[in-house]
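Participant: Data: input.cif, mmCIF, N, CA and C atoms.
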```
data_query
loop_
_atom_site.group_PDB
_atom_site.id
_atom_site.type_symbol
_atom_site.label_atom_id
_atom_site.label_comp_id
_atom_site.auth_asym_id
_atom_site.auth_seq_id
_atom_site.Cartn_x
_atom_site.Cartn_y
_atom_site.Cartn_z
ATOM 1 N N MET A 1 -40.591 -11.268 -10.418
ATOM 2 C CA MET A 1 -40.970 -10.012 -10.993
ATOM 3 C C MET A 1 -42.223 -10.244 -11.823
ATOM 4 N N GLU A 2 -43.275 -9.473 -11.564
ATOM 5 C CA GLU A 2 -44.488 -9.572 -12.357
ATOM 6 C C GLU A 2 -44.400 -8.597 -13.538
ATOM 7 N N VAL A 3 -44.713 -9.099 -14.729
ATOM 8 C CA VAL A 3 -44.670 -8.282 -15.944
ATOM 9 C C VAL A 3 -46.019 -8.415 -16.643
ATOM 10 N N LYS A 4 -46.628 -7.269 -16.971
ATOM 11 C CA LYS A 4 -47.871 -7.243 -17.737
ATOM 12 C C LYS A 4 -47.577 -6.574 -19.072
ATOM 13 N N ILE A 5 -48.001 -7.226 -20.160
ATOM 14 C CA ILE A 5 -47.732 -6.727 -21.502
ATOM 15 C C ILE A 5 -49.059 -6.515 -22.208
ATOM 16 N N GLY A 6 -49.291 -5.282 -22.630
ATOM 17 C CA GLY A 6 -50.462 -4.974 -23.431
ATOM 18 C C GLY A 6 -50.102 -5.119 -24.902
ATOM 19 N N VAL A 7 -50.949 -5.808 -25.642
ATOM 20 C CA VAL A 7 -50.712 -6.055 -27.060
ATOM 21 C C VAL A 7 -51.832 -5.392 -27.857
ATOM 22 N N GLN A 8 -51.451 -4.624 -28.874
ATOM 23 C CA GLN A 8 -52.437 -3.959 -29.724
ATOM 24 C C GLN A 8 -53.347 -4.985 -30.388
ATOM 25 N N HIS A 9 -54.625 -4.666 -30.475
ATOM 26 C CA HIS A 9 -55.629 -5.494 -31.129
ATOM 27 C C HIS A 9 -55.822 -6.842 -30.443
ATOM 28 N N ALA A 10 -55.479 -6.935 -29.161
ATOM 29 C CA ALA A 10 -55.717 -8.142 -28.374
ATOM 30 C C ALA A 10 -56.606 -7.761 -27.188
ATOM 31 N N PRO A 11 -57.626 -8.549 -26.897
ATOM 32 C CA PRO A 11 -58.561 -8.178 -25.843
ATOM 33 C C PRO A 11 -57.999 -8.289 -24.429
ATOM 34 N N ARG A 12 -56.957 -9.082 -24.235
ATOM 35 C CA ARG A 12 -56.399 -9.279 -22.892
ATOM 36 C C ARG A 12 -54.904 -9.024 -22.894
ATOM 37 N N GLU A 13 -54.417 -8.644 -21.717
ATOM 38 C CA GLU A 13 -52.984 -8.450 -21.573
ATOM 39 C C GLU A 13 -52.315 -9.782 -21.232
ATOM 40 N N ILE A 14 -51.017 -9.847 -21.440
ATOM 41 C CA ILE A 14 -50.217 -11.020 -21.083
ATOM 42 C C ILE A 14 -49.599 -10.729 -19.727
ATOM 43 N N THR A 15 -49.789 -11.628 -18.768
ATOM 44 C CA THR A 15 -49.206 -11.466 -17.440
ATOM 45 C C THR A 15 -48.309 -12.662 -17.173
ATOM 46 N N LEU A 16 -47.093 -12.385 -16.712
ATOM 47 C CA LEU A 16 -46.181 -13.473 -16.389
ATOM 48 C C LEU A 16 -45.314 -13.106 -15.200
ATOM 49 N N GLU A 17 -44.873 -14.132 -14.503
ATOM 50 C CA GLU A 17 -43.902 -13.982 -13.424
ATOM 51 C C GLU A 17 -42.551 -14.387 -13.998
ATOM 52 N N SER A 18 -41.563 -13.530 -13.840
ATOM 53 C CA SER A 18 -40.249 -13.790 -14.407
ATOM 54 C C SER A 18 -39.173 -13.626 -13.344
ATOM 55 N N GLU A 19 -38.124 -14.403 -13.482
ATOM 56 C CA GLU A 19 -36.975 -14.269 -12.582
ATOM 57 C C GLU A 19 -36.001 -13.215 -13.089
ATOM 58 N N GLN A 20 -36.272 -12.635 -14.260
ATOM 59 C CA GLN A 20 -35.433 -11.570 -14.793
ATOM 60 C C GLN A 20 -35.615 -10.322 -13.929
ATOM 61 N N SER A 21 -34.560 -9.524 -13.819
ATOM 62 C CA SER A 21 -34.641 -8.296 -13.029
ATOM 63 C C SER A 21 -35.423 -7.238 -13.801
ATOM 64 N N ALA A 22 -35.844 -6.201 -13.097
ATOM 65 C CA ALA A 22 -36.557 -5.103 -13.738
ATOM 66 C C ALA A 22 -35.687 -4.453 -14.810
ATOM 67 N N GLU A 23 -34.387 -4.358 -14.553
ATOM 68 C CA GLU A 23 -33.465 -3.756 -15.512
ATOM 69 C C GLU A 23 -33.366 -4.598 -16.782
ATOM 70 N N GLU A 24 -33.339 -5.925 -16.640
ATOM 71 C CA GLU A 24 -33.267 -6.810 -17.806
ATOM 72 C C GLU A 24 -34.529 -6.702 -18.661
ATOM 73 N N VAL A 25 -35.689 -6.656 -17.997
ATOM 74 C CA VAL A 25 -36.947 -6.531 -18.718
ATOM 75 C C VAL A 25 -37.009 -5.180 -19.432
ATOM 76 N N GLU A 26 -36.617 -4.116 -18.725
ATOM 77 C CA GLU A 26 -36.633 -2.788 -19.319
ATOM 78 C C GLU A 26 -35.693 -2.703 -20.518
ATOM 79 N N ARG A 27 -34.526 -3.319 -20.425
ATOM 80 C CA ARG A 27 -33.567 -3.322 -21.528
ATOM 81 C C ARG A 27 -34.142 -4.057 -22.742
ATOM 82 N N ALA A 28 -34.798 -5.196 -22.504
ATOM 83 C CA ALA A 28 -35.388 -5.963 -23.603
ATOM 84 C C ALA A 28 -36.502 -5.171 -24.283
ATOM 85 N N VAL A 29 -37.314 -4.463 -23.504
ATOM 86 C CA VAL A 29 -38.394 -3.645 -24.069
ATOM 87 C C VAL A 29 -37.803 -2.487 -24.873
ATOM 88 N N ALA A 30 -36.798 -1.825 -24.325
ATOM 89 C CA ALA A 30 -36.173 -0.692 -25.016
ATOM 90 C C ALA A 30 -35.556 -1.130 -26.338
ATOM 91 N N GLU A 31 -34.908 -2.290 -26.367
ATOM 92 C CA GLU A 31 -34.309 -2.788 -27.605
ATOM 93 C C GLU A 31 -35.382 -3.107 -28.642
ATOM 94 N N ALA A 32 -36.489 -3.676 -28.190
ATOM 95 C CA ALA A 32 -37.573 -4.000 -29.121
ATOM 96 C C ALA A 32 -38.184 -2.722 -29.696
ATOM 97 N N LEU A 33 -38.393 -1.719 -28.851
ATOM 98 C CA LEU A 33 -39.003 -0.474 -29.326
ATOM 99 C C LEU A 33 -38.056 0.352 -30.186
ATOM 100 N N ALA A 34 -36.745 0.205 -29.971
ATOM 101 C CA ALA A 34 -35.759 0.948 -30.758
ATOM 102 C C ALA A 34 -35.504 0.293 -32.111
ATOM 103 N N GLY A 35 -36.089 -0.885 -32.335
ATOM 104 C CA GLY A 35 -35.904 -1.564 -33.612
ATOM 105 C C GLY A 35 -34.698 -2.484 -33.648
ATOM 106 N N LYS A 36 -34.013 -2.648 -32.511
ATOM 107 C CA LYS A 36 -32.858 -3.545 -32.472
ATOM 108 C C LYS A 36 -33.284 -5.005 -32.490
ATOM 109 N N ALA A 37 -34.527 -5.265 -32.089
ATOM 110 C CA ALA A 37 -35.061 -6.627 -32.087
ATOM 111 C C ALA A 37 -36.462 -6.595 -32.678
ATOM 112 N N GLN A 38 -36.817 -7.602 -33.455
ATOM 113 C CA GLN A 38 -38.149 -7.698 -34.049
ATOM 114 C C GLN A 38 -39.185 -8.141 -33.024
ATOM 115 N N LEU A 39 -38.705 -8.872 -31.991
ATOM 116 C CA LEU A 39 -39.583 -9.438 -30.982
ATOM 117 C C LEU A 39 -39.141 -9.034 -29.582
ATOM 118 N N LEU A 40 -40.116 -8.843 -28.692
ATOM 119 C CA LEU A 40 -39.821 -8.739 -27.269
ATOM 120 C C LEU A 40 -39.827 -10.160 -26.753
ATOM 121 N N SER A 41 -38.722 -10.598 -26.188
ATOM 122 C CA SER A 41 -38.566 -11.968 -25.715
ATOM 123 C C SER A 41 -38.301 -11.961 -24.219
ATOM 124 N N LEU A 42 -39.205 -12.599 -23.457
ATOM 125 C CA LEU A 42 -39.040 -12.725 -22.011
ATOM 126 C C LEU A 42 -39.218 -14.185 -21.621
ATOM 127 N N VAL A 43 -38.629 -14.576 -20.498
ATOM 128 C CA VAL A 43 -38.734 -15.947 -20.004
ATOM 129 C C VAL A 43 -39.450 -15.910 -18.668
ATOM 130 N N ASP A 44 -40.505 -16.752 -18.525
ATOM 131 C CA ASP A 44 -41.219 -16.773 -17.254
ATOM 132 C C ASP A 44 -40.499 -17.668 -16.252
ATOM 133 N N ASP A 45 -41.015 -17.733 -15.028
ATOM 134 C CA ASP A 45 -40.317 -18.481 -13.982
ATOM 135 C C ASP A 45 -40.439 -19.993 -14.125
ATOM 136 N N HIS A 46 -41.166 -20.473 -15.146
ATOM 137 C CA HIS A 46 -41.235 -21.905 -15.447
ATOM 138 C C HIS A 46 -40.346 -22.258 -16.635
ATOM 139 N N GLY A 47 -39.600 -21.276 -17.139
ATOM 140 C CA GLY A 47 -38.702 -21.511 -18.259
ATOM 141 C C GLY A 47 -39.343 -21.362 -19.625
ATOM 142 N N ARG A 48 -40.619 -20.965 -19.678
ATOM 143 C CA ARG A 48 -41.289 -20.777 -20.964
ATOM 144 C C ARG A 48 -40.938 -19.405 -21.517
ATOM 145 N N LYS A 49 -40.740 -19.344 -22.821
ATOM 146 C CA LYS A 49 -40.388 -18.091 -23.482
ATOM 147 C C LYS A 49 -41.649 -17.447 -24.050
ATOM 148 N N VAL A 50 -41.803 -16.149 -23.793
ATOM 149 C CA VAL A 50 -42.929 -15.374 -24.303
ATOM 150 C C VAL A 50 -42.377 -14.416 -25.349
ATOM 151 N N LEU A 51 -42.916 -14.481 -26.563
ATOM 152 C CA LEU A 51 -42.478 -13.632 -27.664
ATOM 153 C C LEU A 51 -43.644 -12.756 -28.118
ATOM 154 N N VAL A 52 -43.390 -11.449 -28.214
ATOM 155 C CA VAL A 52 -44.404 -10.505 -28.671
ATOM 156 C C VAL A 52 -43.776 -9.662 -29.776
ATOM 157 N N PRO A 53 -44.444 -9.529 -30.927
ATOM 158 C CA PRO A 53 -43.901 -8.668 -31.984
ATOM 159 C C PRO A 53 -43.737 -7.236 -31.469
ATOM 160 N N ALA A 54 -42.580 -6.655 -31.698
ATOM 161 C CA ALA A 54 -42.268 -5.323 -31.167
ATOM 162 C C ALA A 54 -43.232 -4.265 -31.678
ATOM 163 N N ASP A 55 -43.701 -4.406 -32.905
ATOM 164 C CA ASP A 55 -44.598 -3.392 -33.455
ATOM 165 C C ASP A 55 -46.027 -3.511 -32.933
ATOM 166 N N ARG A 56 -46.317 -4.516 -32.114
ATOM 167 C CA ARG A 56 -47.649 -4.708 -31.534
ATOM 168 C C ARG A 56 -47.705 -4.356 -30.042
ATOM 169 N N LEU A 57 -46.578 -3.917 -29.471
ATOM 170 C CA LEU A 57 -46.560 -3.570 -28.052
ATOM 171 C C LEU A 57 -47.387 -2.321 -27.796
ATOM 172 N N ALA A 58 -48.284 -2.395 -26.823
ATOM 173 C CA ALA A 58 -49.062 -1.233 -26.416
ATOM 174 C C ALA A 58 -48.451 -0.640 -25.146
ATOM 175 N N TYR A 59 -48.139 -1.498 -24.167
ATOM 176 C CA TYR A 59 -47.493 -1.059 -22.932
ATOM 177 C C TYR A 59 -46.865 -2.255 -22.238
ATOM 178 N N VAL A 60 -45.924 -1.987 -21.351
ATOM 179 C CA VAL A 60 -45.319 -3.016 -20.512
ATOM 180 C C VAL A 60 -45.274 -2.466 -19.097
ATOM 181 N N GLU A 61 -45.868 -3.192 -18.166
ATOM 182 C CA GLU A 61 -45.891 -2.798 -16.764
ATOM 183 C C GLU A 61 -44.999 -3.755 -15.984
ATOM 184 N N ILE A 62 -44.021 -3.195 -15.305
ATOM 185 C CA ILE A 62 -43.069 -3.996 -14.535
ATOM 186 C C ILE A 62 -43.335 -3.742 -13.059
ATOM 187 N N GLY A 63 -43.593 -4.808 -12.304
ATOM 188 C CA GLY A 63 -43.904 -4.646 -10.891
ATOM 189 C C GLY A 63 -43.271 -5.732 -10.050
ATOM 190 N N GLU A 64 -43.541 -5.659 -8.782
ATOM 191 C CA GLU A 64 -43.043 -6.663 -7.843
ATOM 192 C C GLU A 64 -43.951 -7.883 -7.871
ATOM 193 N N PRO A 65 -43.438 -9.049 -7.506
ATOM 194 C CA PRO A 65 -44.284 -10.241 -7.464
ATOM 195 C C PRO A 65 -45.345 -10.095 -6.381
ATOM 196 N N THR A 66 -46.520 -10.643 -6.640
ATOM 197 C CA THR A 66 -47.584 -10.598 -5.654
ATOM 198 C C THR A 66 -47.535 -11.858 -4.808
ATOM 199 N N ALA A 67 -47.697 -11.694 -3.513
ATOM 200 C CA ALA A 67 -47.700 -12.844 -2.608
ATOM 201 C C ALA A 67 -49.011 -13.588 -2.783
ATOM 202 N N ARG A 68 -48.936 -14.879 -2.897
ATOM 203 C CA ARG A 68 -50.141 -15.687 -3.060
ATOM 204 C C ARG A 68 -50.724 -15.979 -1.689
ATOM 205 N N LYS A 69 -52.019 -15.731 -1.551
ATOM 206 C CA LYS A 69 -52.696 -15.978 -0.291
ATOM 207 C C LYS A 69 -53.167 -17.406 -0.251
ATOM 208 N N VAL A 70 -53.047 -18.014 0.935
ATOM 209 C CA VAL A 70 -53.441 -19.396 1.111
ATOM 210 C C VAL A 70 -54.476 -19.441 2.235
ATOM 211 N N GLY A 71 -55.541 -20.190 2.015
ATOM 212 C CA GLY A 71 -56.542 -20.340 3.067
ATOM 213 C C GLY A 71 -57.597 -19.268 3.040
ATOM 214 N N PHE A 72 -58.380 -19.236 4.099
ATOM 215 C CA PHE A 72 -59.482 -18.283 4.209
ATOM 216 C C PHE A 72 -59.084 -17.190 5.171
ATOM 217 N N GLY A 73 -59.608 -16.029 4.969
ATOM 218 C CA GLY A 73 -59.313 -14.928 5.882
ATOM 219 C C GLY A 73 -59.921 -13.649 5.379
ATOM 220 N N ALA A 74 -60.100 -12.751 6.282
ATOM 221 C CA ALA A 74 -60.617 -11.432 5.897
ATOM 222 C C ALA A 74 -59.444 -10.543 5.538
ATOM 223 N N ALA A 75 -59.475 -10.038 4.316
ATOM 224 C CA ALA A 75 -58.368 -9.179 3.889
ATOM 225 C C ALA A 75 -58.868 -7.840 3.448
#
```
Kindly present the structure from the file in structure tokens form.
Facilitator:
Amino acid sequence: MEVKIGVQHAPREITLESEQSAEEVERAVAEALAGKAQLLSLVDDHGRKVLVPADRLAYVEIGEPTARKVGFGAA
């Protein structure tokens, strides 16, 4: 699952691939925005934890993983 996180006052978004389902990511975002958690905490597919302060979230985009292209070709 590809997740893009926009952070207020940051020039770039955070992009990560996660094995968490879309529902799990959405639940974590909803809890952070509702004030139940101080941080949005997600785990990428390498086991690294990404923490973003809930009050700095600008947006979260949840999408499907992108297939990596290998080699040369006209696309």
Participant: For this structure, which residues satisfy the selection - the PyMOL selection byres (((chain A and resi 20 and name CA) around 10) and name CA) - when it is evaluated on the file as given? I want them as a list of chain:residue names.
Facilitator: A:Met1, A:Glu2, A:Val3, A:Glu17, A:Ser18, A:Glu19, A:Ser21, A:Ala22, A:Glu23, A:Glu24, A:Val25, A:Glu26, A:Leu42, A:Val43, A:Asp44, A:Asp45
Participant: Can I get the selection written as an mmCIF file, in the frame of the given file, with N, CA and C atoms?
Facilitator:
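Final output, selection36.cif:
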```cif
data_model
loop_
_atom_site.group_PDB
_atom_site.id
_atom_site.type_symbol
_atom_site.label_atom_id
_atom_site.label_comp_id
_atom_site.auth_asym_id
_atom_site.auth_seq_id
_atom_site.Cartn_x
_atom_site.Cartn_y
_atom_site.Cartn_z
ATOM 1 N N MET A 1 -40.591 -11.268 -10.418
ATOM 2 C CA MET A 1 -40.970 -10.012 -10.993
ATOM 3 C C MET A 1 -42.223 -10.244 -11.823
ATOM 4 N N GLU A 2 -43.275 -9.473 -11.564
ATOM 5 C CA GLU A 2 -44.488 -9.572 -12.357
ATOM 6 C C GLU A 2 -44.400 -8.597 -13.538
ATOM 7 N N VAL A 3 -44.713 -9.099 -14.729
ATOM 8 C CA VAL A 3 -44.670 -8.282 -15.944
ATOM 9 C C VAL A 3 -46.019 -8.415 -16.643
ATOM 10 N N GLU A 17 -44.873 -14.132 -14.503
ATOM 11 C CA GLU A 17 -43.902 -13.982 -13.424
ATOM 12 C C GLU A 17 -42.551 -14.387 -13.998
ATOM 13 N N SER A 18 -41.563 -13.530 -13.840
ATOM 14 C CA SER A 18 -40.249 -13.790 -14.407
ATOM 15 C C SER A 18 -39.173 -13.626 -13.344
ATOM 16 N N GLU A 19 -38.124 -14.403 -13.482
ATOM 17 C CA GLU A 19 -36.975 -14.269 -12.582
ATOM 18 C C GLU A 19 -36.001 -13.215 -13.089
ATOM 19 N N SER A 21 -34.560 -9.524 -13.819
ATOM 20 C CA SER A 21 -34.641 -8.296 -13.029
ATOM 21 C C SER A 21 -35.423 -7.238 -13.801
ATOM 22 N N ALA A 22 -35.844 -6.201 -13.097
ATOM 23 C CA ALA A 22 -36.557 -5.103 -13.738
ATOM 24 C C ALA A 22 -35.687 -4.453 -14.810
ATOM 25 N N GLU A 23 -34.387 -4.358 -14.553
ATOM 26 C CA GLU A 23 -33.465 -3.756 -15.512
ATOM 27 C C GLU A 23 -33.366 -4.598 -16.782
ATOM 28 N N GLU A 24 -33.339 -5.925 -16.640
ATOM 29 C CA GLU A 24 -33.267 -6.810 -17.806
ATOM 30 C C GLU A 24 -34.529 -6.702 -18.661
ATOM 31 N N VAL A 25 -35.689 -6.656 -17.997
ATOM 32 C CA VAL A 25 -36.947 -6.531 -18.718
ATOM 33 C C VAL A 25 -37.009 -5.180 -19.432
ATOM 34 N N GLU A 26 -36.617 -4.116 -18.725
ATOM 35 C CA GLU A 26 -36.633 -2.788 -19.319
ATOM 36 C C GLU A 26 -35.693 -2.703 -20.518
ATOM 37 N N LEU A 42 -39.205 -12.599 -23.457
ATOM 38 C CA LEU A 42 -39.040 -12.725 -22.011
ATOM 39 C C LEU A 42 -39.218 -14.185 -21.621
ATOM 40 N N VAL A 43 -38.629 -14.576 -20.498
ATOM 41 C CA VAL A 43 -38.734 -15.947 -20.004
ATOM 42 C C VAL A 43 -39.450 -15.910 -18.668
ATOM 43 N N ASP A 44 -40.505 -16.752 -18.525
ATOM 44 C CA ASP A 44 -41.219 -16.773 -17.254
ATOM 45 C C ASP A 44 -40.499 -17.668 -16.252
ATOM 46 N N ASP A 45 -41.015 -17.733 -15.028
ATOM 47 C CA ASP A 45 -40.317 -18.481 -13.982
ATOM 48 C C ASP A 45 -40.439 -19.993 -14.125
#
```
Participant: Please, what distance in Å, to one decimal, runs between CA of Val7 (chain A) and CA of Val60 (chain A)?
Facilitator: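 CA of Val60 (chain A) lies at a distance of 9.0 Å from CA of Val7 (chain A).
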Participant: I need the residue nearest Ala34 (chain A) from this list: A:Glu61, A:Thr15, A:His46, A:Ala54. Use only N, CA and C atoms for the distance.
Facilitator: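 Ranking A:Glu61, A:Thr15, A:His46, A:Ala54 by distance to Ala34 (chain A), first place goes to A:Ala54.
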Participant: Decode the PyMOL selection byres ((chain A and resi 14) around 5) for the given file into explicit residues and return them as a list in words.
Facilitator: Lys4, Ile5, Arg12, Glu13, Thr15 and Leu16 of chain A
Participant: Any chance you could list, as a list in words, the residues in chain A that come up helix (DSSP H, G or I) when DSSP is run on the backbone?
Facilitator: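 Helix (DSSP H, G or I) assignments inside chain A correspond to Ala22, Glu23, Glu24, Val25, Glu26, Arg27, Ala28, Val29, Ala30, Glu31, Ala32, Leu33, Ala54, Asp55 and Arg56 of chain A.
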